[in-house]
Amino acid sequence: MSASPPPLIRAHAISKWFGHKAVLERASLSVAAGETVALVGENGAGKTTLLRVSAGLIESDRGEVSAAGRIGYCPQEPGVLDLLTADEHLAFFGTGMDIPRPRALREGRALLEEFGFPLDERTVARDLSGGTRQKLNLALALLGDPPILLLDEPYQGFDLGTYVNFWDHVDRWRGRGKAIVIVTHMLAELSRVDRVIELKVHPSRAVQPHGTGGG
Amino acid sequence: MDARKRFARLIMVAEMQGRDLLRRRLALILLIVLPLAFYAALTTSDRHQAVIPGGIAIAFAVGGASIFSVLSSRQADQRLVLAGFGPWELVAGRLMFLEVLGLPVAGASAAVMAAVSSPEHPWMLGLAVWLVAFIAVPFGLTIGTLVPQELEATLVLIGVVGIQLSLSGNAVVARVLPFWGARRLIDVALGGSFSIPRLILACMAYAALLFALSLILMTGRLRVRRPVPMPGVPWGSA
């Protein structure tokens, strides 16, 4: 029997309070290359917080995150600039990753095309539909081919075809050895992931106590 | 990273800031019109002295543009840092663009005021008005970073510039406000007698201080906690 592959990202015993409000207590997450993990739980269980801690966007009060590669992070709310076009976003984010503009545009457009983004449009992000803006949001997370993907409900606003297509892409990314974490409420798709981690609302905030939070 | 590459990254931030602002056509019109409207309204009572509030009012326009450059990119900034930009690169790139933008805004206002009010030293008026715009950029960046809500940030800008406008240059409080040196230089343009190098130095020192402050605040706000690199896995360091 072969040994299981080492994790590419590991968040260990993460605790996080916002003021006096405990959101996470000793929550853990570990994802290997070629593995897709779904992060599920009720509203307020700390899914987004755990993802943001794992990406390095917020600091945990306890615990440690280690990773073996660049992280592609797709936030729930598109973190895009309202008055820039898709091409300008690709060039801007690409420069941050030291990717030359022509390459960033080439690779970024290929990603957008995969999601059915209307490439001929020179519309600024503010004037895109919610689903189209989300495609840009997702493409920015994938730019530069990061080995680790942290996706926070990345399909919001997608039409049915794009939604199905998204999960096909997840299969392909997994096949290429990426470590993928998807925050999702779509329980019907859980058969398409390798593991499910359920977070519970912290007992101090739960209406009815039902165990400690943590993965 | 070599200096050329570093500079290209700053230019990219400046370029995108420019593209964003140049698409806000109404805001651009207001940038020019607002200080001139302020000046025009006051020329009816004293055409000569109206250059003082007219010149300082540049701070409303340029400072406002700087505040919104920070606030409109708030959602994207942390992602840009996650993508590899340093917080200082975002601040410095924006500063570059906004300082360049301040030149025509200040130039247009100074030219109109010089033509209408005929100050004793028109070139000094031009320098003073440009210095107001020059300081207003880091001032706006600092407010935008320190007060991350649009309404509150705008009120702080209105408050500080308004106090500066309502005080005479001799008031103790006026001396600690950002545009005191530039205001005194407008007095010089109107025939007053003050040490010009000292006033220019005061303006530059204030601008440098505000820039440093905005840099510190932005670095704190956008700090990304990089994960600990995991050894022995063939993806390279995190």
# chains A, B, ... in the order shown; residues from 1 in each chain; ligands from 1
$ residues_around --residues "Val91 of chain B" --least-positions-apart "6" --cutoff "8 Å" --atoms "only C-alpha atoms" --output "list in words"
Leu141, Ser214, Leu215 and Met218 of chain B
$ residues_around --residues "Val132 of chain B" --least-positions-apart "4" --cutoff "7 Å" --atoms "only C-alpha atoms" --output "PyMOL selection string"
chain B and resi 56+58-59+128+136+179+182
$ residues_around --residues "Arg19 of chain B" --least-positions-apart "6" --cutoff "10 Å" --atoms "only C-alpha atoms" --output "list in words"
Leu83, Leu84, Thr85 and Glu88 of chain A; Val13 of chain B
$ interface_residues --of "chain B" --to "chain A" --cutoff "9 Å" --atoms "only C-alpha atoms" --output "PyMOL selection string"
chain B and resi 5+8-9+12-13+16+19-21+23-24+72-86+222-238
$ write_last_selection --atoms "C-alpha atoms" --output "compact mmCIF listing (two decimals), in the first residue's frame"
# COMPACT_ATOMS: atom_id res chain seq x y z
CA LYS B 5 11.54 45.76 -12.49
CA ALA B 8 7.79 48.84 -13.74
CA ARG B 9 5.61 47.51 -10.91
CA MET B 12 1.63 49.44 -13.35
CA VAL B 13 -0.05 50.56 -10.10
CA MET B 16 -4.26 51.26 -13.25
CA ARG B 19 -7.31 54.26 -15.85
CA ASP B 20 -9.70 53.98 -12.89
CA LEU B 21 -9.82 57.72 -12.22
CA ARG B 23 -13.13 56.81 -16.27
CA ARG B 24 -14.77 58.88 -13.52
CA SER B 72 -12.34 52.27 -4.14
CA SER B 73 -9.59 49.65 -4.21
CA ARG B 74 -10.06 48.45 -0.65
CA GLN B 75 -11.56 45.08 -1.67
CA ALA B 76 -8.87 44.39 -4.23
CA ASP B 77 -5.83 45.62 -2.31
CA GLN B 78 -5.40 42.59 -0.08
CA ARG B 79 -5.70 40.33 -3.11
CA LEU B 80 -3.09 42.39 -4.91
CA VAL B 81 -0.78 41.95 -1.93
CA LEU B 82 -1.53 38.23 -1.92
CA ALA B 83 -0.63 38.24 -5.63
CA GLY B 84 2.78 39.64 -4.77
CA PHE B 85 2.59 43.44 -4.55
CA GLY B 86 4.09 45.06 -1.48
CA LEU B 222 -2.62 44.97 4.17
CA ARG B 223 -0.18 42.72 5.96
CA VAL B 224 -0.37 39.19 4.59
CA ARG B 225 0.70 36.46 7.01
CA ARG B 226 2.60 34.19 4.62
CA PRO B 227 2.21 30.53 5.56
CA VAL B 228 5.25 28.78 6.96
CA PRO B 229 7.04 27.08 4.04
CA MET B 230 6.54 23.35 4.08
CA PRO B 231 9.84 21.55 3.61
CA GLY B 232 10.40 18.64 1.27
CA VAL B 233 7.51 19.16 -1.13
CA PRO B 234 8.46 19.91 -4.74
CA TRP B 235 6.43 23.08 -5.24
CA GLY B 236 9.01 25.52 -3.95
CA SER B 237 8.54 27.86 -1.07
CA ALA B 238 5.20 29.43 -0.25
$ closest_residue --among "A:Arg176, A:Lys16, A:Arg195, A:His185" --to "Asp145 of chain A" --atoms "only C-alpha atoms"
A:Arg176
$ closest_residue --among "B:Thr154, B:Ser45, B:Thr145, B:Ser117" --to "Phe60 of chain B" --atoms "only C-alpha atoms"
B:Thr154
$ closest_residue --among "B:Leu131, B:Ala61, B:Ile11, B:Ala50" --to "Ala27 of chain B" --atoms "only C-alpha atoms"
B:Ala61
$ residues_around --residues "Met204 of chain B" --least-positions-apart "5" --cutoff "9 Å" --atoms "only C-alpha atoms" --output "compact mmCIF listing (two decimals) with N, CA and C atoms, in the first residue's frame"
# COMPACT_ATOMS: atom_id res chain seq x y z
N LEU B 131 2.02 73.30 -4.33
CA LEU B 131 2.37 72.67 -3.05
C LEU B 131 1.13 72.19 -2.29
N PHE B 134 0.36 69.05 -3.93
CA PHE B 134 1.42 68.09 -3.60
C PHE B 134 1.20 67.46 -2.22
N ILE B 135 0.82 68.30 -1.25
CA ILE B 135 0.60 67.80 0.12
C ILE B 135 -0.75 67.07 0.21
N LEU B 199 9.39 78.05 4.26
CA LEU B 199 8.01 77.62 4.00
C LEU B 199 7.97 76.41 3.05
N LEU B 209 6.12 63.48 5.84
CA LEU B 209 5.57 62.89 7.07
C LEU B 209 4.26 62.16 6.76
$ select_by_dssp --residues "segment 1-183 of chain B" --states "helix (DSSP H, G or I)" --output "JSON, numbers by chain"
{"B": [3, 4, 5, 6, 7, 8, 9, 10, 11, 12, 13, 14, 15, 16, 17, 18, 19, 20, 21, 22, 25, 26, 27, 28, 29, 30, 31, 32, 33, 34, 35, 36, 37, 38, 39, 40, 41, 42, 43, 51, 52, 53, 54, 55, 56, 58, 59, 60, 61, 62, 63, 64, 65, 66, 67, 68, 69, 70, 71, 74, 75, 76, 77, 78, 79, 80, 81, 82, 83, 87, 88, 89, 90, 91, 92, 93, 94, 95, 96, 97, 98, 99, 100, 101, 102, 103, 104, 105, 106, 107, 108, 109, 110, 111, 112, 113, 114, 115, 116, 117, 122, 123, 124, 125, 126, 127, 128, 129, 130, 131, 132, 133, 134, 135, 136, 137, 138, 139, 140, 141, 142, 143, 144, 145, 146, 150, 151, 152, 153, 154, 155, 156, 157, 158, 159, 160, 161, 162, 163, 164, 165, 166, 172, 173, 174, 175, 176, 180, 181, 182, 183]}
$ atom_distance --atom1 "atom CA of Arg62 of chain A" --atom2 "atom CA of Arg26 of chain A"
7.9 Å
$ residues_around --residues "Val188 of chain B" --least-positions-apart "2" --cutoff "10 Å" --atoms "only C-alpha atoms" --output "PyMOL selection string"
chain B and resi 119-122+124-125+128+182-186+190-196
$ write_last_selection --atoms "C-alpha atoms" --output "mmCIF file, in the first residue's frame"
data_model
loop_
_atom_site.group_PDB
_atom_site.id
_atom_site.type_symbol
_atom_site.label_atom_id
_atom_site.label_comp_id
_atom_site.auth_asym_id
_atom_site.auth_seq_id
_atom_site.Cartn_x
_atom_site.Cartn_y
_atom_site.Cartn_z
ATOM 1 C CA PRO B 119 -1.172 88.896 -7.435
ATOM 2 C CA GLU B 120 2.166 90.676 -6.947
ATOM 3 C CA HIS B 121 4.152 87.469 -7.607
ATOM 4 C CA PRO B 122 2.130 85.173 -9.911
ATOM 5 C CA MET B 124 4.796 82.274 -6.281
ATOM 6 C CA LEU B 125 1.057 81.725 -6.427
ATOM 7 C CA ALA B 128 1.995 77.665 -3.543
ATOM 8 C CA ALA B 182 1.455 76.761 1.292
ATOM 9 C CA ARG B 183 -1.007 79.277 2.706
ATOM 10 C CA ARG B 184 1.887 81.502 3.824
ATOM 11 C CA LEU B 185 3.388 81.231 0.325
ATOM 12 C CA ILE B 186 0.095 82.533 -1.080
ATOM 13 C CA LEU B 190 0.110 88.710 -2.506
ATOM 14 C CA GLY B 191 3.036 90.808 -1.260
ATOM 15 C CA GLY B 192 3.680 89.394 2.212
ATOM 16 C CA SER B 193 7.218 88.934 3.483
ATOM 17 C CA PHE B 194 8.143 85.498 4.869
ATOM 18 C CA SER B 195 11.123 83.160 4.488
ATOM 19 C CA ILE B 196 10.352 81.291 1.255
#
$ closest_residue --among "A:Asp194, A:Arg122, A:Asp171, A:Phe115" --to "Phe158 of chain A" --atoms "only C-alpha atoms"
A:Phe115
$ atom_distance --atom1 "atom CA of Ala86 of chain A" --atom2 "atom CA of Glu15 of chain B"
14.9 Å
$ select_by_dssp --residues "segment 59-155 of chain A" --states "strand (DSSP E)" --output "VMD selection string"
chain A and resid 62 to 67 71 to 74 148 to 152
$ residues_around --residues "Ala14 of chain B" --least-positions-apart "6" --cutoff "10 Å" --atoms "only C-alpha atoms" --output "PyMOL selection string"
chain B and resi 8+20+89-98+100
